[in-house]
$ cat structure.txt   # compact mmCIF, C-alpha atoms
# COMPACT_ATOMS: atom_id res chain seq x y z
CA SER M 533 -16.90 2.50 -11.42
CA LYS M 534 -13.70 2.13 -9.36
CA GLY M 535 -15.52 1.21 -6.16
CA VAL M 536 -15.12 4.70 -4.75
CA THR M 537 -18.05 6.43 -3.11
CA VAL M 538 -17.89 10.14 -2.37
CA GLU M 539 -20.06 11.55 0.39
CA LEU M 540 -20.41 15.08 1.74
CA LEU M 541 -21.26 15.71 5.37
CA PRO M 542 -22.28 19.31 6.02
CA VAL M 543 -21.89 20.23 9.67
CA SER M 544 -23.01 23.28 11.60
CA ASN M 545 -20.90 26.34 12.21
CA GLY M 546 -20.63 25.40 15.86
CA ALA M 547 -17.74 24.46 18.10
CA SER M 548 -15.41 21.68 17.00
CA GLU M 549 -16.64 19.38 19.80
CA GLU M 550 -20.23 19.66 18.56
CA ASN M 551 -19.22 19.02 14.96
CA ALA M 552 -16.94 16.16 16.05
CA ARG M 553 -19.94 14.38 17.57
CA ALA M 554 -21.87 14.75 14.31
CA ILE M 555 -18.88 13.45 12.31
CA ALA M 556 -18.43 10.49 14.67
CA GLU M 557 -22.13 9.61 14.55
CA TYR M 558 -22.11 9.77 10.76
CA LEU M 559 -19.03 7.59 10.38
CA THR M 560 -20.17 4.94 12.84
CA SER M 561 -23.67 4.74 11.37
CA LYS M 562 -22.25 4.40 7.85
CA MET M 563 -19.83 1.66 8.96
CA ALA M 564 -22.82 -0.41 10.09
CA GLU M 565 -23.98 -0.46 6.44
CA ASP M 566 -20.63 -0.66 4.63
CA LYS M 567 -17.41 -1.87 6.27
CA ARG M 568 -15.10 0.02 3.89
CA LYS M 569 -13.08 2.58 5.79
CA TYR M 570 -13.21 6.26 4.93
CA ILE M 571 -10.60 8.64 3.65
CA VAL M 572 -11.83 11.80 5.35
CA ILE M 573 -11.12 15.24 3.95
CA GLY M 574 -11.44 18.24 6.22
CA TYR M 575 -11.42 21.70 4.67
CA SER M 576 -10.63 24.82 6.72
CA LYS M 577 -12.46 24.49 10.07
CA GLY M 578 -13.37 20.95 9.06
CA THR M 579 -9.79 20.03 9.91
CA PRO M 580 -10.03 20.70 13.66
CA ASP M 581 -13.55 19.25 13.67
CA VAL M 582 -12.21 15.96 12.25
CA GLN M 583 -9.17 16.04 14.54
CA VAL M 584 -11.45 16.32 17.58
CA ALA M 585 -13.67 13.53 16.22
CA LEU M 586 -10.67 11.23 15.83
CA ALA M 587 -9.33 12.11 19.30
CA ASN M 588 -12.57 11.92 21.26
CA HIS M 589 -14.46 9.17 19.45
CA PRO M 590 -12.53 5.89 19.07
CA GLU M 591 -15.49 4.37 17.21
CA ALA M 592 -15.11 7.04 14.52
CA ARG M 593 -11.34 6.55 14.43
CA ALA M 594 -11.92 2.85 13.64
CA ALA M 595 -13.88 3.92 10.54
CA VAL M 596 -11.07 6.05 9.06
CA ALA M 597 -8.23 4.77 6.88
CA GLY M 598 -6.72 8.23 6.39
CA PHE M 599 -7.30 11.93 6.90
CA ILE M 600 -6.45 14.76 4.49
CA SER M 601 -6.50 18.32 5.74
CA VAL M 602 -7.06 20.89 2.98
CA ALA M 603 -6.18 24.46 3.95
CA GLY M 604 -7.04 23.40 7.47
CA ALA M 605 -6.79 25.41 10.64
CA SER M 606 -5.12 22.66 12.67
CA GLY M 607 -3.02 25.10 14.68
CA GLY M 608 -5.74 27.74 14.81
CA SER M 609 -5.62 31.14 13.21
CA PRO M 610 -4.23 34.43 14.52
CA ILE M 611 -7.36 36.00 13.05
CA ALA M 612 -9.48 34.31 15.71
CA ASP M 613 -7.10 35.72 18.36
CA SER M 614 -6.55 39.20 16.95
CA ILE M 615 -9.99 40.31 16.00
CA PRO M 616 -12.57 38.52 18.16
CA GLY M 617 -15.22 41.12 17.33
CA GLN M 618 -14.68 40.52 13.63
CA ALA M 619 -16.74 37.32 13.74
CA ASP M 620 -19.83 39.16 14.91
CA ARG M 621 -19.35 41.82 12.23
CA TRP M 622 -18.95 39.17 9.49
CA ILE M 623 -22.05 37.35 10.75
CA LYS M 624 -24.07 40.54 10.33
CA GLN M 625 -22.35 41.71 7.12
CA PHE M 626 -22.79 38.43 5.27
CA LYS M 627 -26.19 37.68 6.86
CA MET M 628 -24.87 34.47 8.37
CA ASP M 629 -27.21 34.63 11.35
CA LYS M 630 -29.44 32.06 9.62
CA CYS M 631 -26.59 29.51 9.48
CA GLN M 632 -26.90 26.44 11.66
CA GLY M 633 -24.85 26.33 14.82
CA ASP M 634 -23.32 29.03 16.97
CA ILE M 635 -20.87 30.76 14.62
CA SER M 636 -19.22 32.65 17.48
CA LEU M 637 -18.45 29.33 19.24
CA GLY M 638 -17.15 27.94 15.96
CA PHE M 639 -14.92 30.96 15.56
CA LYS M 640 -13.67 30.67 19.16
CA SER M 641 -12.72 27.04 18.57
CA LEU M 642 -10.26 28.35 15.95
CA ARG M 643 -8.30 30.43 18.47
CA ARG M 644 -4.63 29.49 18.53
CA ASP M 645 -4.60 28.81 22.29
CA VAL M 646 -7.51 26.38 21.90
CA ARG M 647 -5.98 24.58 18.92
CA GLN M 648 -2.47 24.51 20.42
CA ALA M 649 -3.85 23.06 23.67
CA PHE M 650 -5.55 20.34 21.62
CA LEU M 651 -2.33 19.60 19.73
CA SER M 652 -0.43 19.41 23.03
CA SER M 653 -2.97 16.94 24.39
CA PHE M 654 -2.98 14.88 21.18
CA PRO M 655 0.48 15.34 19.61
CA HIS M 656 0.28 12.32 17.29
CA PRO M 657 -2.29 11.73 14.55
CA PHE M 658 -4.59 8.77 15.15
CA VAL M 659 -4.68 7.71 11.49
CA PRO M 660 -2.37 8.32 8.52
CA THR M 661 -2.67 12.07 8.06
CA TYR M 662 -1.81 14.47 5.23
CA SER M 663 -1.75 18.26 5.09
CA LEU M 664 -2.46 20.13 1.86
CA VAL M 665 -1.78 23.83 2.34
CA ALA M 666 -3.19 26.72 0.33
CA LEU M 667 -1.01 29.79 -0.24
CA SER M 668 -1.79 33.12 -1.84
CA ASN M 669 -0.18 36.50 -2.40
CA ALA M 670 -1.67 40.00 -2.45
CA GLU M 671 -2.43 39.76 -6.18
CA ASN M 672 -4.37 36.48 -6.10
CA THR M 673 -6.08 36.76 -2.70
CA SER M 674 -9.80 37.46 -2.99
CA LYS M 675 -10.93 40.95 -2.03
CA ALA M 676 -13.02 39.45 0.77
CA LEU M 677 -9.89 37.98 2.39
CA LEU M 678 -7.38 40.72 1.59
CA GLN M 679 -7.75 42.49 4.94
CA SER M 680 -7.18 39.27 6.90
CA TRP M 681 -4.33 38.35 4.51
CA GLU M 682 -2.62 41.64 5.41
CA LEU M 683 -3.12 40.95 9.10
CA LEU M 684 -1.70 37.43 8.85
CA ARG M 685 1.40 38.69 7.01
CA VAL M 686 2.50 40.12 10.36
CA PHE M 687 2.70 36.57 11.73
CA GLU M 688 4.10 34.67 8.75
CA ALA M 689 4.95 35.28 5.09
CA ALA M 690 3.34 32.05 3.82
CA LEU M 691 -0.45 32.12 4.19
CA ASP M 692 -3.76 31.97 2.36
CA GLY M 693 -5.77 34.83 3.86
CA GLN M 694 -7.31 32.79 6.67
CA VAL M 695 -4.53 30.70 8.14
CA THR M 696 -0.73 30.63 8.07
CA LYS M 697 1.18 27.80 6.48
CA SER M 698 2.59 26.63 9.81
CA ASP M 699 -0.91 26.53 11.36
CA ALA M 700 -2.22 24.58 8.35
CA ILE M 701 0.29 21.75 8.73
CA ILE M 702 -0.77 19.07 11.18
CA PRO M 703 2.20 17.96 13.30
CA GLU M 704 3.59 14.63 12.06
CA ALA M 705 1.37 14.71 8.98
CA LYS M 706 2.77 14.11 5.52
CA TYR M 707 2.98 17.50 3.80
CA LEU M 708 1.38 17.55 0.35

$ encode --input "structure.txt" --output "structure tokens"
Amino acid sequence: SKGVTVELLPVSNGASEENARAIAEYLTSKMAEDKRKYIVIGYSKGTPDVQVALANHPEARAAVAGFISVAGASGGSPIADSIPGQADRWIKQFKMDKCQGDISLGFKSLRRDVRQAFLSSFPHPFVPTYSLVALSNAENTSKALLQSWELLRVFEAALDGQVTKSDAIIPEAKYL
């Protein structure tokens, strides 16, 4: 009714580069049909996936008017650094082995050294960019994330159970 179309693009659980290609292909194919630019929202690991798409695919960048990161892992997550074996255990525990993509590669692309290297290579956002951060405390963190919340508290007091506030804010983004 207001000329707004909402679309959802599910991507695999693979590495950010793989997902970035899928995002870029989607955006460029859609722009062939409709020239309106997108406001892209990336949630959690979707944030680095979109950041890589915007950095590595200029054709996708041309299709984006703005980017909003929601609880995104732009700077990585100490969880990916601290407990590399945890990913394999979660995959088995939550029966995620049927998910598309290589979850272990997806998890590795969230390591802080990987994300910080990306941010060093691409220090400025390519489109107007906004960061919306989620924060929780011990009382309102889900039981499933409480163990990782406790671990992250060692690194920073402001966090959401998966990523710290400072890692969720994209450099030079407007903070929401």

$ residues_around --input "structure.txt" --residues "Ala594 (chain M)" --least-positions-apart "3" --cutoff "10 Å" --atoms "only C-alpha atoms" --output "tab-separated table (two decimals) with C-alpha atoms, in the coordinates of the input"
chain	number	residue	atom	x	y	z
M	559	LEU	CA	-19.03	7.59	10.38
M	560	THR	CA	-20.17	4.94	12.84
M	563	MET	CA	-19.83	1.66	8.96
M	569	LYS	CA	-13.08	2.58	5.79
M	570	TYR	CA	-13.21	6.26	4.93
M	586	LEU	CA	-10.67	11.23	15.83
M	589	HIS	CA	-14.46	9.17	19.45
M	590	PRO	CA	-12.53	5.89	19.07
M	591	GLU	CA	-15.49	4.37	17.21
M	597	ALA	CA	-8.23	4.77	6.88
M	658	PHE	CA	-4.59	8.77	15.15
M	659	VAL	CA	-4.68	7.71	11.49

$ closest_residue --input "structure.txt" --among "M:Lys562, M:Lys567, M:Arg593, M:Arg685" --to "Ile611 (chain M)" --atoms "all atoms listed in the file"
M:Arg685

$ atom_distance --input "structure.txt" --atom1 "CA of Ala547 (chain M)" --atom2 "CA of Gly608 (chain M)"
12.9 Å

$ closest_residue --input "structure.txt" --among "M:Arg568, M:Lys577, M:Lys675, M:Arg553" --to "Leu642 (chain M)" --atoms "only C-alpha atoms"
M:Lys577

$ atom_distance --input "structure.txt" --atom1 "CA of Ser698 (chain M)" --atom2 "CA of His656 (chain M)"
16.3 Å

$ closest_residue --input "structure.txt" --among "M:Tyr662, M:Trp681, M:Phe687, M:Phe654" --to "Ala603 (chain M)" --atoms "only C-alpha atoms"
M:Tyr662

$ decode --input "structure.txt" --residues "region 563-577 of chain M" --atoms "N, CA and C atoms" --output "mmCIF file, in the first residue's frame"
data_model
loop_
_atom_site.group_PDB
_atom_site.id
_atom_site.type_symbol
_atom_site.label_atom_id
_atom_site.label_comp_id
_atom_site.auth_asym_id
_atom_site.auth_seq_id
_atom_site.Cartn_x
_atom_site.Cartn_y
_atom_site.Cartn_z
ATOM 1 N N MET M 563 17.149 -6.427 -9.493
ATOM 2 C CA MET M 563 17.253 -5.083 -10.060
ATOM 3 C C MET M 563 16.937 -5.081 -11.551
ATOM 4 N N ALA M 564 17.106 -6.212 -12.215
ATOM 5 C CA ALA M 564 16.754 -6.306 -13.634
ATOM 6 C C ALA M 564 15.243 -6.184 -13.817
ATOM 7 N N GLU M 565 14.474 -6.617 -12.807
ATOM 8 C CA GLU M 565 13.010 -6.566 -12.867
ATOM 9 C C GLU M 565 12.444 -5.257 -12.325
ATOM 10 N N ASP M 566 13.063 -4.727 -11.288
ATOM 11 C CA ASP M 566 12.539 -3.564 -10.569
ATOM 12 C C ASP M 566 13.722 -2.688 -10.167
ATOM 13 N N LYS M 567 13.772 -1.475 -10.641
ATOM 14 C CA LYS M 567 14.938 -0.603 -10.437
ATOM 15 C C LYS M 567 14.988 0.055 -9.059
ATOM 16 N N ARG M 568 13.950 -0.158 -8.223
ATOM 17 C CA ARG M 568 14.015 0.409 -6.873
ATOM 18 C C ARG M 568 15.153 -0.229 -6.101
ATOM 19 N N LYS M 569 15.905 0.605 -5.386
ATOM 20 C CA LYS M 569 17.019 0.080 -4.606
ATOM 21 C C LYS M 569 16.506 -0.536 -3.306
ATOM 22 N N TYR M 570 17.316 -1.409 -2.752
ATOM 23 C CA TYR M 570 16.972 -2.135 -1.545
ATOM 24 C C TYR M 570 17.512 -1.459 -0.290
ATOM 25 N N ILE M 571 16.758 -1.595 0.778
ATOM 26 C CA ILE M 571 17.270 -1.381 2.124
ATOM 27 C C ILE M 571 17.454 -2.790 2.661
ATOM 28 N N VAL M 572 18.692 -3.175 2.852
ATOM 29 C CA VAL M 572 19.033 -4.549 3.222
ATOM 30 C C VAL M 572 19.208 -4.626 4.733
ATOM 31 N N ILE M 573 18.613 -5.642 5.321
ATOM 32 C CA ILE M 573 18.757 -5.886 6.749
ATOM 33 C C ILE M 573 19.499 -7.203 6.926
ATOM 34 N N GLY M 574 20.573 -7.144 7.684
ATOM 35 C CA GLY M 574 21.344 -8.354 7.976
ATOM 36 C C GLY M 574 21.273 -8.635 9.460
ATOM 37 N N TYR M 575 20.792 -9.813 9.812
ATOM 38 C CA TYR M 575 20.681 -10.203 11.219
ATOM 39 C C TYR M 575 21.797 -11.183 11.563
ATOM 40 N N SER M 576 22.462 -10.958 12.675
ATOM 41 C CA SER M 576 23.489 -11.849 13.201
ATOM 42 C C SER M 576 24.586 -12.089 12.161
ATOM 43 N N LYS M 577 24.775 -13.324 11.702
ATOM 44 C CA LYS M 577 25.800 -13.602 10.697
ATOM 45 C C LYS M 577 25.438 -13.005 9.344
#
